[in-house]
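Asks: Contents of coords.txt (compact mmCIF, C-alpha atoms) are given next:
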```
# COMPACT_ATOMS: atom_id res chain seq x y z
CA MET A 1 0.00 0.00 0.00
CA SER A 2 2.80 2.41 0.88
CA GLU A 3 4.54 1.76 -2.44
CA GLN A 4 1.33 2.48 -4.35
CA ARG A 5 0.75 5.68 -2.41
CA SER A 6 4.31 6.94 -3.03
CA THR A 7 3.82 6.68 -6.79
CA GLU A 8 0.58 8.66 -6.61
CA ASP A 9 1.71 11.48 -4.30
CA ILE A 10 1.72 14.93 -5.90
CA THR A 11 4.41 17.20 -4.47
CA VAL A 12 5.00 20.77 -5.64
CA VAL A 13 8.44 22.34 -5.29
CA HIS A 14 8.79 26.07 -5.98
CA LEU A 15 12.27 27.36 -6.81
CA MET A 16 12.18 31.07 -6.03
CA ARG A 17 14.73 33.68 -7.03
CA HIS A 18 15.44 36.19 -4.25
CA GLY A 19 14.29 39.82 -4.35
CA GLU A 20 16.22 42.91 -5.36
CA VAL A 21 19.53 43.46 -3.59
CA ASP A 22 20.96 46.71 -2.22
CA ASN A 23 24.00 47.08 -4.50
CA PRO A 24 24.55 50.74 -5.42
CA ASP A 25 28.08 50.12 -6.76
CA GLY A 26 26.95 47.54 -9.29
CA ILE A 27 29.23 44.77 -8.07
CA LEU A 28 28.86 41.20 -9.27
CA TYR A 29 28.48 39.99 -5.69
CA GLY A 30 28.22 36.27 -6.41
CA ARG A 31 28.84 34.38 -3.18
CA LEU A 32 30.23 37.36 -1.26
CA PRO A 33 28.67 37.92 2.17
CA GLY A 34 27.08 41.18 3.25
CA TYR A 35 24.66 41.77 0.37
CA HIS A 36 21.15 42.24 1.71
CA LEU A 37 17.75 42.92 0.16
CA SER A 38 16.89 46.49 -0.70
CA GLU A 39 13.62 47.97 0.54
CA LEU A 40 12.09 47.03 -2.81
CA GLY A 41 13.50 43.52 -2.41
CA ARG A 42 11.79 43.18 0.96
CA GLN A 43 8.51 44.26 -0.63
CA MET A 44 8.99 41.55 -3.27
CA ALA A 45 9.56 38.93 -0.58
CA GLU A 46 6.42 39.98 1.27
CA ARG A 47 4.43 39.93 -1.97
CA VAL A 48 5.44 36.34 -2.71
CA ALA A 49 4.74 35.32 0.90
CA GLU A 50 1.23 36.72 0.45
CA HIS A 51 0.86 34.95 -2.90
CA LEU A 52 1.76 31.61 -1.30
CA SER A 53 -0.12 32.15 1.97
CA SER A 54 -3.04 29.91 0.99
CA ARG A 55 -0.85 27.15 -0.43
CA ASP A 56 -0.04 23.90 1.34
CA VAL A 57 3.59 24.82 2.06
CA ALA A 58 5.19 22.36 4.47
CA TYR A 59 8.90 23.13 3.98
CA VAL A 60 10.89 26.33 3.33
CA VAL A 61 14.63 26.30 2.68
CA ALA A 62 17.11 28.84 1.30
CA SER A 63 20.63 29.35 0.05
CA PRO A 64 22.95 30.44 2.89
CA LEU A 65 23.47 33.88 1.34
CA GLU A 66 21.75 36.78 3.12
CA ARG A 67 19.58 37.85 0.19
CA ALA A 68 18.08 34.38 -0.09
CA GLN A 69 17.57 33.98 3.66
CA GLU A 70 15.84 37.37 3.86
CA THR A 71 13.58 36.49 0.92
CA ALA A 72 12.57 33.16 2.44
CA THR A 73 11.92 34.45 5.97
CA PRO A 74 8.43 35.97 5.42
CA ILE A 75 7.32 32.83 3.55
CA ALA A 76 8.39 30.57 6.42
CA LYS A 77 6.80 32.93 8.94
CA ALA A 78 3.49 32.98 7.06
CA HIS A 79 3.26 29.20 7.37
CA GLY A 80 4.60 28.92 10.91
CA LEU A 81 7.67 27.04 9.73
CA ASP A 82 11.33 27.12 10.68
CA LEU A 83 13.59 28.22 7.82
CA ASP A 84 16.14 25.61 6.75
CA THR A 85 19.39 26.24 4.87
CA ASP A 86 20.78 24.12 2.03
CA GLU A 87 24.27 24.92 0.74
CA ARG A 88 23.35 23.33 -2.59
CA LEU A 89 21.07 26.28 -3.37
CA ILE A 90 23.96 28.79 -3.31
CA GLU A 91 24.80 31.11 -6.20
CA ALA A 92 27.05 29.77 -8.97
CA GLY A 93 30.77 30.34 -8.50
CA ASN A 94 32.19 33.09 -10.74
CA VAL A 95 35.75 34.36 -11.20
CA PHE A 96 34.43 37.90 -11.74
CA GLN A 97 32.92 38.01 -8.25
CA GLY A 98 33.66 41.29 -6.51
CA ARG A 99 34.06 43.25 -9.76
CA THR A 100 31.78 45.00 -12.21
CA PHE A 101 31.22 42.86 -15.28
CA GLY A 102 28.34 43.23 -17.65
CA ILE A 103 26.88 44.27 -20.97
CA GLY A 104 28.30 47.55 -22.25
CA ASP A 105 30.91 48.12 -19.50
CA GLY A 106 33.96 47.18 -21.61
CA ALA A 107 34.84 44.09 -19.55
CA LEU A 108 35.25 41.90 -22.63
CA ARG A 109 37.76 44.35 -24.12
CA ARG A 110 40.16 43.84 -21.20
CA PRO A 111 42.87 41.30 -22.17
CA GLY A 112 43.09 40.04 -18.59
CA ASN A 113 39.54 38.72 -18.83
CA TRP A 114 39.86 36.89 -22.13
CA ARG A 115 41.13 33.62 -20.65
CA HIS A 116 38.00 33.38 -18.55
CA VAL A 117 35.56 33.61 -21.47
CA VAL A 118 37.10 31.20 -23.96
CA ASN A 119 34.54 28.43 -23.35
CA PRO A 120 30.94 29.54 -22.86
CA PHE A 121 29.78 25.91 -23.05
CA LYS A 122 31.37 24.96 -19.71
CA PRO A 123 31.46 27.94 -18.73
CA SER A 124 35.13 28.80 -18.32
CA TRP A 125 34.43 31.80 -16.04
CA GLY A 126 32.83 29.87 -13.24
CA GLU A 127 31.17 26.77 -11.83
CA PRO A 128 30.48 24.20 -14.56
CA TYR A 129 26.85 23.94 -15.58
CA VAL A 130 26.85 20.19 -14.97
CA ASP A 131 27.96 20.73 -11.36
CA GLN A 132 25.10 23.18 -10.87
CA VAL A 133 22.62 20.62 -12.20
CA VAL A 134 23.88 17.93 -9.81
CA ARG A 135 23.62 20.07 -6.67
CA MET A 136 20.32 21.73 -7.61
CA MET A 137 18.67 18.41 -8.48
CA GLY A 138 19.89 17.13 -5.13
CA ALA A 139 18.27 20.09 -3.36
CA LEU A 140 15.03 19.71 -5.34
CA ASN A 141 14.73 16.00 -4.60
CA ALA A 142 15.56 16.47 -0.91
CA ALA A 143 12.82 19.11 -0.64
CA LYS A 144 10.39 16.84 -2.45
CA ASP A 145 11.06 14.13 0.11
CA ARG A 146 10.66 16.56 3.03
CA ALA A 147 7.36 17.92 1.71
CA ARG A 148 5.98 14.78 0.07
CA GLY A 149 2.31 15.24 -0.71
CA HIS A 150 2.51 18.97 0.05
CA GLU A 151 4.53 21.96 -1.25
CA ALA A 152 8.03 23.27 -0.65
CA VAL A 153 9.65 26.64 -1.34
CA LEU A 154 13.37 26.83 -2.10
CA VAL A 155 14.98 30.27 -2.43
CA SER A 156 18.03 30.34 -4.67
CA HIS A 157 19.64 32.41 -7.42
CA GLN A 158 19.00 33.12 -11.08
CA LEU A 159 21.67 31.06 -12.83
CA PRO A 160 21.31 27.81 -10.83
CA ILE A 161 17.52 28.01 -11.16
CA TRP A 162 17.69 28.55 -14.92
CA ILE A 163 20.26 25.79 -15.40
CA VAL A 164 18.29 23.14 -13.51
CA ARG A 165 15.11 24.15 -15.33
CA SER A 166 16.94 23.86 -18.66
CA TYR A 167 18.15 20.40 -17.68
CA VAL A 168 14.68 19.21 -16.66
CA GLU A 169 13.16 20.62 -19.87
CA ARG A 170 15.97 19.02 -21.89
CA ARG A 171 17.43 22.20 -23.29
CA ARG A 172 21.12 22.86 -23.78
CA LEU A 173 22.77 24.29 -20.69
CA TRP A 174 24.80 27.02 -22.38
CA HIS A 175 22.64 30.00 -23.25
CA ASP A 176 22.32 33.76 -23.69
CA PRO A 177 22.06 35.21 -20.13
CA ARG A 178 19.76 37.96 -21.43
CA LYS A 179 17.12 35.37 -22.31
CA ARG A 180 16.78 33.65 -18.94
CA GLN A 181 13.18 33.49 -17.78
CA CYS A 182 13.94 33.98 -14.10
CA THR A 183 12.97 37.46 -12.96
CA LEU A 184 13.55 38.73 -9.41
CA ALA A 185 11.19 37.03 -6.90
CA SER A 186 9.86 34.69 -9.60
CA LEU A 187 8.71 31.12 -8.97
CA THR A 188 9.85 28.23 -11.14
CA THR A 189 7.59 25.39 -10.08
CA PHE A 190 8.31 21.67 -10.41
CA THR A 191 5.41 19.27 -9.90
CA TYR A 192 6.33 15.72 -8.91
CA GLN A 193 4.17 12.65 -9.20
CA GLY A 194 5.84 10.29 -6.79
CA ASP A 195 9.53 10.81 -7.52
CA ARG A 196 9.12 11.95 -11.13
CA ILE A 197 8.84 15.54 -12.35
CA VAL A 198 5.75 15.75 -14.53
CA SER A 199 5.52 19.49 -15.21
CA VAL A 200 7.37 22.78 -14.87
CA GLY A 201 5.65 26.16 -14.48
CA TYR A 202 6.74 29.76 -14.11
CA THR A 203 5.06 32.73 -12.42
CA GLU A 204 6.03 36.28 -11.39
CA PRO A 205 3.93 37.22 -8.33
CA ALA A 206 5.88 40.46 -7.81
CA ARG A 207 6.13 41.43 -11.48
CA ASP A 208 4.71 44.92 -10.93
CA LEU A 209 7.52 45.66 -8.46
CA VAL A 210 10.35 44.62 -10.78
CA PRO A 211 12.09 47.44 -12.72
CA ALA A 212 11.19 47.11 -16.39
CA HIS A 213 14.75 46.50 -17.59
CA LEU A 214 15.07 43.51 -15.23
CA LEU A 215 11.96 41.65 -16.37
CA ALA A 216 12.42 38.33 -18.15
CA GLY A 217 13.28 38.91 -21.80
CA ALA A 218 13.81 42.68 -21.45
CA LYS A 219 16.53 44.28 -23.52
CA PRO A 220 18.88 46.10 -21.13
CA ALA A 221 19.45 49.78 -21.71
CA LYS A 222 23.01 51.05 -21.73
CA GLY A 223 24.41 50.99 -18.21
CA GLN A 224 21.58 48.78 -16.93
CA GLY A 225 22.70 45.37 -18.13
CA LYS A 226 25.43 44.60 -15.63
CA GLY A 227 25.61 41.16 -14.09
CA TYR A 228 25.49 42.27 -10.48
CA GLY A 229 24.93 38.79 -9.18
CA ALA A 230 21.78 36.82 -8.81
```
Could you show the structure in this file as structure tokens?
Replies:
Amino acid sequence: MSEQRSTEDITVVHLMRHGEVDNPDGILYGRLPGYHLSELGRQMAERVAEHLSSRDVAYVVASPLERAQETATPIAKAHGLDLDTDERLIEAGNVFQGRTFGIGDGALRRPGNWRHVVNPFKPSWGEPYVDQVVRMMGALNAAKDRARGHEAVLVSHQLPIWIVRSYVERRRLWHDPRKRQCTLASLTTFTYQGDRIVSVGYTEPARDLVPAHLLAGAKPAKGQGKGYGA
């Protein structure tokens, strides 16, 4: 009986990107500590907590970085849950961490950076895409087991979320960063039947709070396309 039930259980796992970060200097903050949500970012977190308040959320977990923890806190509070931490949800490693590096800032014209961008398929500037898939799938499956038959919310970062979604949807892992569908405070939702993912969805509960140039698919204006971290 228990085996039959496990194959019929429907479990929903939401991978949420954190809210806007206070980063006036435009640094690619990556895994650096000390980067917290802005006031707007806190509003985004509260908006998503409200959006999920009527859902059957039984488990909330976040990346160890402050921006993810602060985004997850109101969601856990709304459901009377303790907030867990999973290192596997952390931002992707990046050699440009701590610097400005983005569209239109001249970074690719600097000879010292060329060796880091020779292989976009891996990518050569940071944590391999395959490694991100392995750890993110581990975090997803662990959350599915913790919340079996209910829902879980995992707060992570743009690139790892997009990469694991691409893997599940059987797309190539290398991609144009400008085309990621993973806006601030968005939810990428994986529905499991038993232990198998049967569908993937995407919603933006805080869309009206997100600056227009940061929405999924937006074309960045000059000076607004920097990869500040995610």
Asks: Could you give me, as a VMD selection string, the residues that have an atom at most 6 Å away from the point (7.3, 21.4, -1.7) in the coordinates of the file, using only C-alpha atoms?
Replies: chain A and resid 11 to 13 144 147 150 to 153
Asks: Restricting the calculation to all atoms listed in the file: of A:Leu159, A:Ala212, A:Val198, A:Met44, which residue gets closest to Pro74 in chain A?
Replies: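 Result for the nearest residue to Pro74 in chain A: A:Met44.
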Asks: I need the residue nearest Phe96 in chain A from this list: A:Tyr29, A:Tyr59, A:Tyr35, A:Trp162. Use only C-alpha atoms for the distance.
Replies: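 The closest residue to Phe96 in chain A is A:Tyr29.
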Asks: Range 198-209 of chain A, all listed atoms, 3 Å padding on each side: what axis-aligned box centre and edge lengths in Å to one decimal come out, as lines of an AutoDock Vina configuration file?
Replies:
```
center_x = 5.7
center_y = 30.7
center_z = -11.5
size_x = 9.6
size_y = 35.9
size_z = 13.4
```
Asks: Provide the CA of Ile75 in chain A to CA of Val21 in chain A distance in Å, to one decimal place.
Replies: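 Taking CA of Ile75 in chain A and CA of Val21 in chain A, their separation equals 17.7 Å.
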Asks: Counting all atoms listed in the file, give me one row per residue of range 139-216 of chain A with an atom at most 12 Å from an atom of range 46-54 of chain A, showing the shortest contact pair and its distance in Å to one decimal, sorted by chain then residue number, as CSV.
Replies:
```
residue,atom,partner,partner_atom,distance
A:Glu151,CA,A:Leu52,CA,10.0
A:Ala152,CA,A:Leu52,CA,10.5
A:Val153,CA,A:Leu52,CA,9.3
A:Val155,CA,A:Val48,CA,11.3
A:Leu184,CA,A:Val48,CA,10.8
A:Ala185,CA,A:Val48,CA,7.1
A:Ser186,CA,A:Val48,CA,8.4
A:Leu187,CA,A:Val48,CA,8.8
A:Thr203,CA,A:Val48,CA,10.4
A:Glu204,CA,A:Val48,CA,8.7
A:Pro205,CA,A:Val48,CA,5.9
A:Ala206,CA,A:Arg47,CA,6.0
A:Arg207,CA,A:Arg47,CA,9.8
A:Asp208,CA,A:Arg47,CA,10.3
A:Leu209,CA,A:Arg47,CA,9.2
A:Val210,CA,A:Arg47,CA,11.6
```
Asks: So the first atom is CA of Leu140 in chain A and the second is CA of Met16 in chain A; what is the distance between them in Å, to one decimal place?
Replies: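 Answer for the CA of Leu140 in chain A to CA of Met16 in chain A separation: 11.7 Å.
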Asks: Quick one: distance from CA of His36 in chain A to CA of Leu65 in chain A in Å, one decimal?
Replies: 8.7 Å
Asks: Just the residues within 7 Å of Ile10 in chain A, please, counting all atoms listed in the file, with nothing from its chain fewer than 3 positions along; format it as a list of chain:residue names.
Replies: A:Gly149, A:Thr191, A:Tyr192, A:Gln193, A:Gly194
Asks: Within 9 Å of (24.4, 29.6, -3.4) (coordinates as in the file), grab all the protein and nucleic acid residues, counting all atoms listed in the file, and write them out as a ChimeraX atom specification.
Replies: /A:30-31,62-65,68,86-93,156-157,160
Asks: Of the residues A:Leu37, A:Val164, A:Val57, A:Leu154, which is the one nearest to Ala142 in chain A, using all atoms listed in the file?
Replies: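 Smallest distance to Ala142 in chain A is found for A:Leu154.
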Asks: When you count all atoms listed in the file, which of these residues is closest to Asp82 in chain A: A:Val168, A:Met136, A:Ile27, A:Val60?
Replies: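 Answer, going by the shortest atom-to-atom distance: A:Val60.
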